[in-house]
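Data block below; observations after.
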Amino acid sequence: MSPRSGLWYCVSVALSLLLSALAPSRAHADDSDAEQAAPPATATVVVTPLERGSIPRTITLYGSVQASALTKGTLMAPAAARIDEVYVRLGQSVEQNAPLVRLGPTPATAASYAQARSALNVAQQLLARTRELLAEHLATAQQLADAEKGASDARATLRALEAQGAGGAATLRAPFRATVTALSVASGAIVADGTPLLDLARSKTLVLAAGVVPLAAHAISAGDPARVSALGAGAAVQGTVLMRGAAIDPASGLVPVEIGLPSGALIPGEAATATVTTGTFEGYVVPHEAILLDDQGNPYVVQVIGGAARKVPVRVLAIAGDRDGISGDLSPGAPLVLAGNYQLENGMKVRIASRAAPAAAAAPAAQGSRSAP
């Protein structure tokens, strides 16, 4: 090969290598131009009109049916006694004057009663003798006064023991028509003076004793209506808030609430839930599925404005069934995205597939829903 031919061969090889190196860069530039020229992503969504409406503000409480503190009573042993017989059982309804418990004296009580009777006999004999001596001028008026006082004191002691049942068996009876809500004794037991025997609650004055977190307690007031139902039961009865405490119960950390119940609706000790209506929310009412949470747990909705998505932070002020009352910087005429909203970002183009019914025109929420704080 001549020198000139070898030179051209080297030049052609170098040129080929240079063109090969430039080819990927040109292809990459062509791909970038194609991407820039491609239309932006579009999402297909289902929307609903943004409507104003009203829903009840409600708070849900849990508790148990009890006797009101103003109408329940505790029967206690009037003296140290032996439980001869118990006539009632826990949860039993009793009529006024019905026998509850029969008490008999303990050996010590019986001895005290015998001593009191003996002391009275001695005091009465001494009084009679002192009167005879005074008539014969053998005793003074002061001695007669002392004898009279001794007889009076002995008589008072005996009467007190008799009132306590020391003289024999005594039967405690129901002071009013009631339900036995606690029974802490059994036949044969020996009880001390003042020992609680059983608790009674007037049958027509039962309440739901519940509690509410302090943050929500200020919204509840006496007189607020409530729907109360036993746990696991579908039917509910109408109740009324009788009392909302002004302090926190240290045992539960909740503010106590008492809800009055209709007569015979529930039984003492039954667990129940109550939905208290504290007012009415007026404002934007949206379906629950329109509300999403961001990475920080804050609620927001997506509106379609000019064919593009816009995220709007909101506050949830009331919940009733599948409807939420919200507030925020919302555009009144822009629809809300119901389906497909989780994939949208601000400015993303959307295509509306269909429109759902407005939330305000939906069926009223069922009773028993829970409100947001």
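Here, A, B, ... name the chains of the structure tokens in the order displayed, residue numbers run from 1 inside each chain, and ligands are numbered from 1 in the same displayed order.
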Could you give me, as a tab-separated table, every range 49-141 of chain A residue with an atom at most 12 Å from range 155-171 of chain A, plus its closest atom pair and distance in Å to one decimal, counting only C-alpha atoms, rows ordered by chain then number?
residue	atom	partner	partner_atom	distance
A:Leu75	CA	A:Thr171	CA	11.8
A:Met76	CA	A:Gln164	CA	11.3
A:Ala77	CA	A:Gln164	CA	8.5
A:Pro78	CA	A:Gln164	CA	5.4
A:Ala79	CA	A:Gln164	CA	5.6
A:Ala80	CA	A:Gln164	CA	8.6
A:Ala81	CA	A:Ala166	CA	8.0
A:Arg82	CA	A:Ala169	CA	9.3
A:Ile83	CA	A:Ala169	CA	9.6
A:Asp84	CA	A:Ala169	CA	8.1
A:Glu85	CA	A:Thr171	CA	9.2
A:Val86	CA	A:Thr171	CA	9.7
A:Tyr87	CA	A:Thr171	CA	9.9
A:Asn97	CA	A:Thr171	CA	10.4
A:Ala98	CA	A:Thr171	CA	9.8
A:Pro99	CA	A:Thr171	CA	6.5
A:Leu100	CA	A:Thr171	CA	7.2
A:Val101	CA	A:Thr171	CA	5.7
A:Arg102	CA	A:Thr171	CA	4.2
A:Leu103	CA	A:Ala170	CA	5.1
A:Gly104	CA	A:Ala169	CA	4.3
A:Pro105	CA	A:Ala166	CA	5.2
A:Thr106	CA	A:Ala166	CA	8.1
A:Pro107	CA	A:Ala166	CA	9.7
A:Ala108	CA	A:Ala166	CA	9.5
A:Thr109	CA	A:Ala166	CA	5.8
A:Ala110	CA	A:Ala166	CA	5.9
A:Ala111	CA	A:Ala166	CA	9.0
A:Ser112	CA	A:Ala166	CA	8.0
A:Tyr113	CA	A:Ala166	CA	6.0
A:Ala114	CA	A:Gly167	CA	8.5
A:Gln115	CA	A:Leu158	CA	8.9
A:Ala116	CA	A:Leu158	CA	5.3
A:Arg117	CA	A:Leu158	CA	6.3
A:Ser118	CA	A:Leu158	CA	9.6
A:Ala119	CA	A:Arg155	CA	8.6
A:Leu120	CA	A:Arg155	CA	5.8
A:Asn121	CA	A:Arg155	CA	9.1
A:Val122	CA	A:Arg155	CA	10.9
A:Ala123	CA	A:Arg155	CA	8.9
A:Gln124	CA	A:Arg155	CA	9.2
Written file, previous selection with C-alpha atoms, as a short mmCIF file (atom, residue, chain, number, x, y, z; two decimals), in the first residue's frame:
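Produced file part-v3.cif, reproduced below:
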data_model
loop_
_atom_site.label_atom_id
_atom_site.label_comp_id
_atom_site.auth_asym_id
_atom_site.auth_seq_id
_atom_site.Cartn_x
_atom_site.Cartn_y
_atom_site.Cartn_z
CA LEU A 75 -79.55 0.96 103.26
CA MET A 76 -77.07 0.46 106.09
CA ALA A 77 -77.08 -1.68 109.19
CA PRO A 78 -78.52 0.40 112.07
CA ALA A 79 -76.39 -1.57 114.55
CA ALA A 80 -74.07 -4.54 114.71
CA ALA A 81 -76.27 -7.42 113.55
CA ARG A 82 -76.45 -10.85 112.00
CA ILE A 83 -78.05 -11.20 108.54
CA ASP A 84 -80.88 -13.64 109.17
CA GLU A 85 -82.34 -13.57 105.66
CA VAL A 86 -82.06 -11.64 102.39
CA TYR A 87 -85.38 -11.33 100.56
CA ASN A 97 -92.58 -1.27 101.85
CA ALA A 98 -91.44 -4.62 100.44
CA PRO A 99 -89.17 -6.61 102.84
CA LEU A 100 -85.51 -6.46 101.90
CA VAL A 101 -83.35 -7.87 104.70
CA ARG A 102 -84.08 -9.35 108.14
CA LEU A 103 -81.53 -8.53 110.81
CA GLY A 104 -81.02 -10.41 114.05
CA PRO A 105 -78.96 -9.28 117.06
CA THR A 106 -75.43 -10.54 117.50
CA PRO A 107 -74.51 -12.16 120.83
CA ALA A 108 -72.80 -8.92 121.89
CA THR A 109 -75.84 -6.84 120.92
CA ALA A 110 -78.18 -9.20 122.73
CA ALA A 111 -76.00 -8.89 125.85
CA SER A 112 -76.06 -5.10 125.62
CA TYR A 113 -79.83 -5.18 125.34
CA ALA A 114 -80.15 -7.46 128.38
CA GLN A 115 -77.87 -5.18 130.36
CA ALA A 116 -79.92 -2.16 129.36
CA ARG A 117 -83.16 -3.82 130.48
CA SER A 118 -81.58 -4.80 133.79
CA ALA A 119 -80.22 -1.29 134.29
CA LEU A 120 -83.70 0.14 133.68
CA ASN A 121 -85.29 -2.20 136.21
CA VAL A 122 -82.70 -1.25 138.83
CA ALA A 123 -83.11 2.46 138.09
CA GLN A 124 -86.90 2.23 138.38
#
Can you list every residue of range 314-356 of chain A that has an atom at most 12 Å from range 287-290 of chain A, with its nearest atom pair and the distance in Å to one decimal, using only C-alpha atoms, ordered by chain then number, as JSON lines?
{"residue": "A:Val314", "atom": "CA", "partner": "A:Ala290", "partner_atom": "CA", "distance": 11.2}
{"residue": "A:Val316", "atom": "CA", "partner": "A:His288", "partner_atom": "CA", "distance": 10.1}
{"residue": "A:Ala318", "atom": "CA", "partner": "A:His288", "partner_atom": "CA", "distance": 10.9}
{"residue": "A:Ile319", "atom": "CA", "partner": "A:His288", "partner_atom": "CA", "distance": 8.5}
{"residue": "A:Ala320", "atom": "CA", "partner": "A:His288", "partner_atom": "CA", "distance": 9.4}
{"residue": "A:Gly321", "atom": "CA", "partner": "A:His288", "partner_atom": "CA", "distance": 8.5}
{"residue": "A:Asp322", "atom": "CA", "partner": "A:His288", "partner_atom": "CA", "distance": 5.2}
{"residue": "A:Arg323", "atom": "CA", "partner": "A:Pro287", "partner_atom": "CA", "distance": 4.7}
{"residue": "A:Asp324", "atom": "CA", "partner": "A:His288", "partner_atom": "CA", "distance": 5.7}
{"residue": "A:Gly325", "atom": "CA", "partner": "A:Pro287", "partner_atom": "CA", "distance": 8.9}
{"residue": "A:Ile326", "atom": "CA", "partner": "A:His288", "partner_atom": "CA", "distance": 10.3}
{"residue": "A:Pro335", "atom": "CA", "partner": "A:Ala290", "partner_atom": "CA", "distance": 10.6}
{"residue": "A:Leu336", "atom": "CA", "partner": "A:Ala290", "partner_atom": "CA", "distance": 6.9}
{"residue": "A:Val337", "atom": "CA", "partner": "A:Ala290", "partner_atom": "CA", "distance": 6.3}
{"residue": "A:Leu338", "atom": "CA", "partner": "A:Ala290", "partner_atom": "CA", "distance": 4.9}
{"residue": "A:Ala339", "atom": "CA", "partner": "A:Ala290", "partner_atom": "CA", "distance": 7.9}
{"residue": "A:Gly340", "atom": "CA", "partner": "A:Ala290", "partner_atom": "CA", "distance": 9.8}
{"residue": "A:Asn341", "atom": "CA", "partner": "A:Ala290", "partner_atom": "CA", "distance": 7.7}
{"residue": "A:Tyr342", "atom": "CA", "partner": "A:Ala290", "partner_atom": "CA", "distance": 9.5}
{"residue": "A:Ala356", "atom": "CA", "partner": "A:Pro287", "partner_atom": "CA", "distance": 10.0}
So which bits of range 171-362 of chain A end up helix (DSSP H, G or I) when you DSSP the backbone, as JSON, numbers by chain?
-> {"A": [214, 215, 216, 217, 288, 289, 290, 341, 342, 343, 359, 360, 361]}
I'd like the neighbourhood of Leu198 in chain A as a JSON list (two decimals) with N, CA and C atoms, in the first residue's frame, where a residue qualifies if any of its atoms comes within 9 Å (using only C-alpha atoms), though same-chain residues fewer than 2 positions away should be ignored.
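The new file out_39.json reads:
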[["chain", "number", "residue", "atom", "x", "y", "z"],
["A", 73, "GLY", "N", -80.38, 5.48, 96.88],
["A", 73, "GLY", "CA", -80.15, 5.42, 98.31],
["A", 73, "GLY", "C", -79.48, 4.13, 98.71],
["A", 74, "THR", "N", -78.82, 4.16, 99.85],
["A", 74, "THR", "CA", -78.12, 3.00, 100.39],
["A", 74, "THR", "C", -78.70, 2.67, 101.76],
["A", 75, "LEU", "N", -79.09, 1.42, 101.95],
["A", 75, "LEU", "CA", -79.55, 0.96, 103.26],
["A", 75, "LEU", "C", -78.35, 0.41, 104.03],
["A", 76, "MET", "N", -78.20, 0.88, 105.27],
["A", 76, "MET", "CA", -77.07, 0.46, 106.09],
["A", 76, "MET", "C", -77.56, -0.19, 107.37],
["A", 90, "LEU", "N", -79.97, -9.13, 93.31],
["A", 90, "LEU", "CA", -79.44, -8.02, 92.53],
["A", 90, "LEU", "C", -80.25, -7.83, 91.25],
["A", 100, "LEU", "N", -86.80, -6.34, 102.57],
["A", 100, "LEU", "CA", -85.51, -6.46, 101.90],
["A", 100, "LEU", "C", -84.56, -7.40, 102.64],
["A", 180, "VAL", "N", -83.02, -2.95, 92.93],
["A", 180, "VAL", "CA", -81.82, -3.23, 93.72],
["A", 180, "VAL", "C", -80.62, -3.18, 92.78],
["A", 181, "THR", "N", -79.76, -2.18, 92.97],
["A", 181, "THR", "CA", -78.61, -2.00, 92.07],
["A", 181, "THR", "C", -77.31, -2.52, 92.67],
["A", 182, "ALA", "N", -77.29, -2.81, 93.96],
["A", 182, "ALA", "CA", -76.09, -3.38, 94.58],
["A", 182, "ALA", "C", -76.53, -4.17, 95.80],
["A", 183, "LEU", "N", -75.90, -5.32, 96.01],
["A", 183, "LEU", "CA", -76.21, -6.18, 97.16],
["A", 183, "LEU", "C", -74.89, -6.73, 97.67],
["A", 184, "SER", "N", -74.52, -6.31, 98.89],
["A", 184, "SER", "CA", -73.18, -6.62, 99.39],
["A", 184, "SER", "C", -73.18, -7.55, 100.59],
["A", 185, "VAL", "N", -74.30, -8.17, 100.92],
["A", 185, "VAL", "CA", -74.34, -9.08, 102.08],
["A", 185, "VAL", "C", -75.02, -10.39, 101.69],
["A", 196, "PRO", "N", -72.89, -0.81, 104.72],
["A", 196, "PRO", "CA", -73.85, -0.78, 103.60],
["A", 196, "PRO", "C", -74.35, -2.19, 103.29],
["A", 200, "LEU", "N", -80.46, 1.04, 96.41],
["A", 200, "LEU", "CA", -81.74, 1.11, 95.71],
["A", 200, "LEU", "C", -81.74, 2.30, 94.77]]
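The spacing separating CA of Thr205 in chain A from CA of Ser68 in chain A amounts to 6.4 Å.
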